[in-house]
Structure formats: structure tokens, C-alpha cells
>>> print(open('query09.csv').read())   # CSV, C-alpha atoms
chain,number,residue,atom,x,y,z
R,1,MET,CA,119.0,76.6,77.3
R,2,LYS,CA,118.0,73.0,77.9
R,3,HIS,CA,115.1,71.3,79.6
R,4,THR,CA,116.4,68.0,80.9
R,5,ALA,CA,114.6,64.8,80.1
R,6,LYS,CA,115.2,61.4,81.8
R,7,ARG,CA,118.3,59.7,80.3
R,8,ARG,CA,119.0,56.1,79.7
R,9,ARG,CA,122.5,54.9,78.7
R,10,ALA,CA,123.0,52.7,75.7
R,11,ALA,CA,124.7,49.4,76.4
R,12,THR,CA,127.9,50.3,74.4
R,13,ASN,CA,127.9,53.9,75.6
R,14,PRO,CA,129.3,55.5,72.5
R,15,ILE,CA,128.2,58.9,73.7
R,16,GLU,CA,130.3,58.8,76.8
R,17,ARG,CA,133.3,57.7,74.8
R,18,ALA,CA,132.9,60.8,72.6
R,19,ASN,CA,132.5,63.1,75.6
R,20,GLN,CA,135.7,61.8,77.2
R,21,LYS,CA,137.9,62.7,74.2
R,22,ASP,CA,140.2,65.6,74.3
R,23,ASP,CA,139.4,68.6,72.1
R,24,GLU,CA,141.9,67.8,69.4
R,25,SER,CA,140.4,64.2,69.0
R,26,PHE,CA,136.8,65.5,69.2
R,27,ILE,CA,137.5,68.0,66.4
R,28,LYS,CA,139.2,65.4,64.2
R,29,GLU,CA,136.7,62.5,64.8
R,30,HIS,CA,133.4,64.2,65.5
R,31,LEU,CA,133.4,67.8,64.3
R,32,CYS,CA,135.2,66.8,61.1
R,33,PRO,CA,135.5,70.2,59.5
R,34,SER,CA,135.7,70.1,55.7
R,35,THR,CA,138.7,72.5,55.7
R,36,PRO,CA,141.6,73.2,58.0
R,37,LEU,CA,140.5,76.9,57.6
R,38,TRP,CA,137.4,76.3,59.7
R,39,THR,CA,138.9,78.4,62.5
R,40,GLU,CA,138.7,81.5,60.4
R,41,TRP,CA,135.5,83.3,59.2
R,42,ILE,CA,135.1,86.6,57.3
R,43,ASN,CA,132.0,88.7,58.0
R,44,PRO,CA,130.5,89.2,54.5
R,45,LYS,CA,129.0,92.5,55.6
R,46,THR,CA,132.2,94.1,56.9
R,47,GLN,CA,135.0,91.9,55.7
R,48,ASP,CA,136.3,91.7,59.3
R,49,LYS,CA,138.1,88.4,60.1
R,50,LEU,CA,136.9,86.4,63.2
R,51,SER,CA,138.4,83.3,64.7
R,52,LEU,CA,136.7,80.1,65.9
R,53,SER,CA,137.9,77.5,68.3
R,54,LEU,CA,136.4,74.5,70.1
R,55,THR,CA,137.0,74.0,73.8
R,56,ARG,CA,135.5,71.8,76.4
R,57,SER,CA,133.9,73.6,79.3
R,58,GLY,CA,136.6,72.6,81.8
R,59,ASP,CA,139.3,74.2,79.7
R,60,LEU,CA,137.3,77.4,79.0
R,61,SER,CA,139.0,80.4,80.6
R,62,ALA,CA,137.1,82.2,83.4
R,63,GLU,CA,137.2,85.3,81.2
R,64,ASP,CA,135.6,83.5,78.2
R,65,LEU,CA,133.0,81.8,80.4
R,66,ASP,CA,132.0,85.2,81.8
R,67,ALA,CA,131.8,86.6,78.3
R,68,CYS,CA,129.6,83.8,77.2
R,69,PHE,CA,127.4,84.3,80.3
R,70,GLN,CA,127.1,88.0,79.6
R,71,LEU,CA,126.1,87.3,76.0
R,72,VAL,CA,123.4,84.9,77.2
R,73,GLU,CA,122.1,87.6,79.6
R,74,GLU,CA,122.3,90.2,76.8
R,75,THR,CA,120.4,88.2,74.2
R,76,SER,CA,118.0,86.1,76.3
R,77,ARG,CA,117.5,87.3,79.8
R,78,ALA,CA,114.1,88.9,78.9
R,79,ASP,CA,112.9,85.5,77.6
R,80,TYR,CA,113.9,83.8,80.8
R,81,GLU,CA,112.2,86.4,82.9
R,82,ALA,CA,109.0,86.0,81.0
R,83,SER,CA,109.0,82.2,81.5
R,84,THR,CA,107.8,80.1,84.4
R,85,ILE,CA,111.5,79.2,85.2
R,86,GLY,CA,112.6,82.8,85.5
R,87,TRP,CA,116.2,84.2,85.2
R,88,LYS,CA,118.4,82.4,87.7
R,89,PRO,CA,122.0,83.4,87.0
R,90,ASN,CA,123.7,81.0,89.4
R,91,LYS,CA,121.8,78.0,88.0
R,92,LYS,CA,122.6,79.1,84.4
R,93,LEU,CA,126.3,79.4,85.2
R,94,ALA,CA,126.3,76.0,86.8
R,95,GLU,CA,124.7,74.5,83.7
R,96,MET,CA,127.3,76.3,81.5
R,97,ARG,CA,130.0,74.6,83.5
R,98,THR,CA,128.7,71.1,82.8
R,99,PRO,CA,131.9,69.0,82.1
R,100,GLU,CA,130.6,67.3,79.0
R,101,LEU,CA,129.8,70.6,77.2
R,102,ARG,CA,131.9,71.8,74.3
R,103,TYR,CA,132.0,75.4,73.3
R,104,ILE,CA,132.7,76.8,69.8
R,105,VAL,CA,133.6,80.4,70.5
R,106,VAL,CA,133.9,83.3,68.0
R,107,LYS,CA,136.3,86.1,68.7
R,108,ASP,CA,137.2,89.3,66.8
R,109,GLY,CA,140.7,90.4,65.9
R,110,ALA,CA,141.1,92.0,69.4
R,111,GLY,CA,140.2,88.8,71.1
R,112,SER,CA,136.8,89.9,72.2
R,113,LEU,CA,134.1,87.2,72.3
R,114,ARG,CA,131.4,88.0,69.8
R,115,GLY,CA,129.4,84.7,69.8
R,116,PHE,CA,129.4,81.1,70.8
R,117,THR,CA,127.5,77.8,70.7
R,118,SER,CA,127.6,75.0,73.3
R,119,LEU,CA,126.8,71.4,72.5
R,120,MET,CA,126.8,68.0,74.0
R,121,PRO,CA,126.3,64.5,72.6
R,122,THR,CA,123.8,62.9,75.1
R,123,TYR,CA,120.6,60.9,75.4
R,124,GLU,CA,117.1,62.3,75.6
R,125,GLU,CA,114.5,59.7,76.6
R,126,GLY,CA,116.9,57.0,75.4
R,127,GLU,CA,117.5,58.6,72.0
R,128,PRO,CA,121.0,59.7,71.1
R,129,VAL,CA,121.2,63.3,70.1
R,130,VAL,CA,123.5,66.3,69.9
R,131,TYR,CA,121.9,68.8,72.2
R,132,CYS,CA,122.5,72.5,71.4
R,133,TYR,CA,122.5,74.1,74.8
R,134,GLU,CA,123.2,77.6,73.6
R,135,ILE,CA,123.8,79.7,70.5
R,136,HIS,CA,124.2,83.4,70.8
R,137,LEU,CA,125.7,86.1,68.6
R,138,LYS,CA,126.3,89.8,69.0
R,139,LEU,CA,123.7,91.8,67.2
R,140,GLU,CA,126.1,92.9,64.4
R,141,LEU,CA,126.7,89.2,63.5
R,142,GLN,CA,123.1,88.1,63.4
R,143,GLY,CA,121.9,87.6,59.8
R,144,THR,CA,125.4,87.2,58.4
R,145,GLY,CA,125.3,83.4,57.9
R,146,LEU,CA,127.5,82.7,60.9
R,147,GLY,CA,124.7,81.3,63.0
R,148,MET,CA,123.8,78.8,60.2
R,149,MET,CA,127.4,77.8,60.0
R,150,LEU,CA,127.6,77.1,63.7
R,151,MET,CA,124.4,75.0,63.4
R,152,ARG,CA,126.0,73.0,60.6
R,153,PHE,CA,128.9,72.2,63.0
R,154,LEU,CA,126.5,70.7,65.4
R,155,GLU,CA,124.9,68.7,62.6
R,156,SER,CA,128.4,67.5,61.6
R,157,VAL,CA,129.0,66.3,65.1
R,158,ALA,CA,125.7,64.4,65.0
R,159,VAL,CA,126.5,62.7,61.6
R,160,ASN,CA,130.0,61.8,62.8
R,161,THR,CA,128.9,60.4,66.2
R,162,PRO,CA,127.0,57.1,65.5
R,163,PRO,CA,124.4,56.2,66.4
R,164,ILE,CA,123.3,59.9,66.6
R,165,GLU,CA,121.1,61.1,63.8
R,166,LYS,CA,119.4,64.2,65.4
R,167,VAL,CA,120.3,67.6,66.7
R,168,MET,CA,117.9,68.9,69.4
R,169,LEU,CA,117.4,72.2,71.2
R,170,THR,CA,115.0,74.1,73.4
R,171,CYS,CA,113.6,77.6,72.6
R,172,TYR,CA,111.2,79.9,74.5
R,173,LEU,CA,108.1,80.7,72.5
R,174,THR,CA,108.6,84.4,73.3
R,175,ASN,CA,111.8,84.4,71.2
R,176,GLN,CA,110.2,84.6,67.8
R,177,ARG,CA,113.4,85.6,66.1
R,178,ALA,CA,115.2,82.5,67.3
R,179,LEU,CA,112.2,80.3,66.4
R,180,ALA,CA,112.3,81.7,62.8
R,181,PHE,CA,116.0,81.1,62.7
R,182,TYR,CA,115.7,77.4,63.8
R,183,ARG,CA,112.8,76.8,61.4
R,184,LYS,CA,114.9,78.3,58.5
R,185,ALA,CA,117.7,75.9,59.6
R,186,GLY,CA,115.3,72.9,59.2
R,187,PHE,CA,114.2,72.3,62.8
R,188,GLU,CA,110.7,71.2,63.7
R,189,ARG,CA,108.8,70.6,66.9
R,190,ASP,CA,110.0,67.3,68.4
R,191,GLU,CA,107.7,64.7,69.7
R,192,LEU,CA,109.2,65.2,73.2
R,193,SER,CA,108.0,68.8,73.3
R,194,PRO,CA,105.3,69.4,75.9
R,195,VAL,CA,101.8,70.2,74.8
R,196,PRO,CA,99.0,72.1,76.6
R,197,ARG,CA,97.0,69.8,78.9
R,198,ARG,CA,94.3,70.1,81.5
R,199,LEU,CA,95.3,69.8,85.1
R,200,ARG,CA,93.3,69.2,88.3
R,201,ARG,CA,90.6,71.6,89.3
R,202,GLY,CA,90.3,72.9,85.7
R,203,LYS,CA,93.7,74.5,85.5
R,204,GLU,CA,95.4,74.3,82.1
R,205,PHE,CA,99.2,73.8,81.6
R,206,ILE,CA,100.4,75.8,78.6
R,207,PRO,CA,104.2,75.3,77.9
R,208,ASP,CA,106.2,78.5,77.3
R,209,TYR,CA,109.0,76.6,75.4
R,210,VAL,CA,109.3,74.2,72.6
R,211,ILE,CA,111.7,71.3,72.0
R,212,MET,CA,112.8,71.3,68.4
R,213,SER,CA,114.9,68.8,66.5
R,214,LYS,CA,116.4,68.1,63.1
R,215,VAL,CA,117.2,64.7,61.7
R,216,VAL,CA,120.6,64.8,59.8
R,217,THR,CA,122.4,62.5,57.5
R,218,ARG,CA,125.7,62.6,55.8
R,219,ARG,CA,123.9,63.3,52.5
R,220,SER,CA,121.9,66.2,53.9
R,221,LEU,CA,125.0,67.7,55.5
R,222,SER,CA,126.8,67.5,52.1
R,223,ILE,CA,123.9,69.3,50.4
R,224,ALA,CA,124.0,72.0,53.0
R,225,GLY,CA,127.6,72.7,52.1
R,226,THR,CA,129.5,71.8,55.2
>>> encode(input="query09.csv", output="C-alpha cells")
Amino acid sequence: MKHTAKRRRAATNPIERANQKDDESFIKEHLCPSTPLWTEWINPKTQDKLSLSLTRSGDLSAEDLDACFQLVEETSRADYEASTIGWKPNKKLAEMRTPELRYIVVKDGAGSLRGFTSLMPTYEEGEPVVYCYEIHLKLELQGTGLGMMLMRFLESVAVNTPPIEKVMLTCYLTNQRALAFYRKAGFERDELSPVPRRLRRGKEFIPDYVIMSKVVTRRSLSIAGT
């Protein structure tokens, strides 16, 4: 999920250059995994082996896109329905097809999608960031450390895409489990996040979501063990 803020391009436009790269170049120059074995992960609870891959949205198969959408609906539809925006599947699918998005998908040995995150280097109010559009895992993979590893991949993209120094995301306030996860990962409320305010005729605007961010550096990423 992402609430879009007004964007302004930097003069040299390094973000657009990063977004135009093919997946192989993006992995090598921006994701920069610490090991060639980053595409394999073993569930510490079950010892099951899962595979990871990075794909830009335009190259994501219709089957995988549908599986990602179904997982969003499974894990987050209730939070959308409780919000002022509501659950709008066609709008969500259109957002998930945004050309600049990259997906890191997680599959089991049978090829079934079990989780994913989607990200995009972009600008928010003129500030370069890596925006986490989505991160969703099947219930059996929550609390295994996989989610934290996926977040570190986003942090790695930020560190290796100058002048980006921040990862940003949006979370509904009703999703307390996700909020706790992001806080544990080091995210805090960003200054761009809306605050309650008094409207005309005495009405009060109370936001139902928060914009969170984390400033990352190469040193902090190294300490985190990426």
C-alpha cells in the first residue's frame, strides 16, 4: 500500500536510471546480495527450502501477479475495508502493475507463491527513497525471520542507490501486527505522515494510516547482517 505524495525529479535523475535497468543489472548494482545463495532460504521452523527471485512488474507472470494479489487480499483486505479508502480490487491491481515496481517473490518447492515484497526507488516530496509498496507472507512464514530479511533487501537497495538514504512505507493503524513488525525493524513515523487536524465546521480529520521510514547507511546494513 502506498499513499502518493507529490513528486519532483532530481536534476540528474538517478532514480529513473535505476528503474530503467533490467533485473540482472538491478540485482547486481542495487540489490547487491551478500551471497550468490540469496535466492535460497530455509525455514528455520520446518527446514523447508524456499526460493526467492526478483522480477520487474512487467515481467511478472499473470499467475504470479494473481497469487500476489490474492495474498494481499488474504492478509490485508479487512484493513482496507476499515479505512476511508476502502477495498478497491481494480485500483489495487492497477497499482501492482506499475511499471517501475520490482517484486521479490518467495515460492515453495512446488512453485506455489508463499510471500512477496514490492519496491520502487522514487521521490516523495522531493526526497529520494525506496518505497515499500507491499510485503506479505503466508501465515506459516510470519515470525520466521523471512520478513526481516526481505526488509533488509529493501534497505540494501536504498544504500546502493545514491542519493537514497531512506526506506519508506505506509501502514494502516488498524494493522497492529504490521506496525509492531515495522517498529521492530527500526521504522518510525515519518515527518510526511498526516496528523489529526481540525476542518471547517468543527469537523476533525483523523488519519487511519501512518507513513513510516527508516534511514539506512552502509554501516547500519552491515551491522544488521545483510
>>> residues_around(input="query09.csv", residues="Val129 of chain R", least_positions_apart="4", cutoff="8 Å", atoms="all atoms listed in the file", output="ChimeraX atom specification")
/R:121-124,158,164-168
>>> closest_atom_pairs(input="query09.csv", of="segment 25-128 of chain R", to="segment 153-156 of chain R", cutoff="8 Å", atoms="all atoms listed in the file", output="CSV")
residue,atom,partner,partner_atom,distance
R:His30,CA,R:Ser156,CA,7.1
R:Leu31,CA,R:Ser156,CA,5.7
R:Cys32,CA,R:Ser156,CA,6.9
R:Pro33,CA,R:Phe153,CA,7.7
R:Leu119,CA,R:Leu154,CA,7.1
>>> write_last_selection(input="query09.csv", atoms="C-alpha atoms", output="mmCIF file, keeping the file's coordinate frame")
data_model
loop_
_atom_site.group_PDB
_atom_site.id
_atom_site.type_symbol
_atom_site.label_atom_id
_atom_site.label_comp_id
_atom_site.auth_asym_id
_atom_site.auth_seq_id
_atom_site.Cartn_x
_atom_site.Cartn_y
_atom_site.Cartn_z
ATOM 1 C CA HIS R 30 133.400 64.200 65.500
ATOM 2 C CA LEU R 31 133.400 67.800 64.300
ATOM 3 C CA CYS R 32 135.200 66.800 61.100
ATOM 4 C CA PRO R 33 135.500 70.200 59.500
ATOM 5 C CA LEU R 119 126.800 71.400 72.500
#
>>> closest_atom_pairs(input="query09.csv", of="segment 22-81 of chain R", to="segment 170-192 of chain R", cutoff="12 Å", atoms="all atoms listed in the file", output="CSV")
residue,atom,partner,partner_atom,distance
R:Thr75,CA,R:Asn175,CA,9.9
R:Ser76,CA,R:Asn175,CA,8.2
R:Arg77,CA,R:Asn175,CA,10.7
R:Ala78,CA,R:Thr174,CA,9.0
R:Asp79,CA,R:Thr174,CA,6.2
R:Tyr80,CA,R:Tyr172,CA,7.9
R:Glu81,CA,R:Thr174,CA,10.4
>>> atom_distance(input="query09.csv", atom1="atom CA of Pro99 of chain R", atom2="atom CA of Ser34 of chain R")
26.7 Å
>>> closest_residue(input="query09.csv", among="R:Ile42, R:Val210, R:Leu93, R:Val216", to="Thr161 of chain R", atoms="only C-alpha atoms")
R:Val216
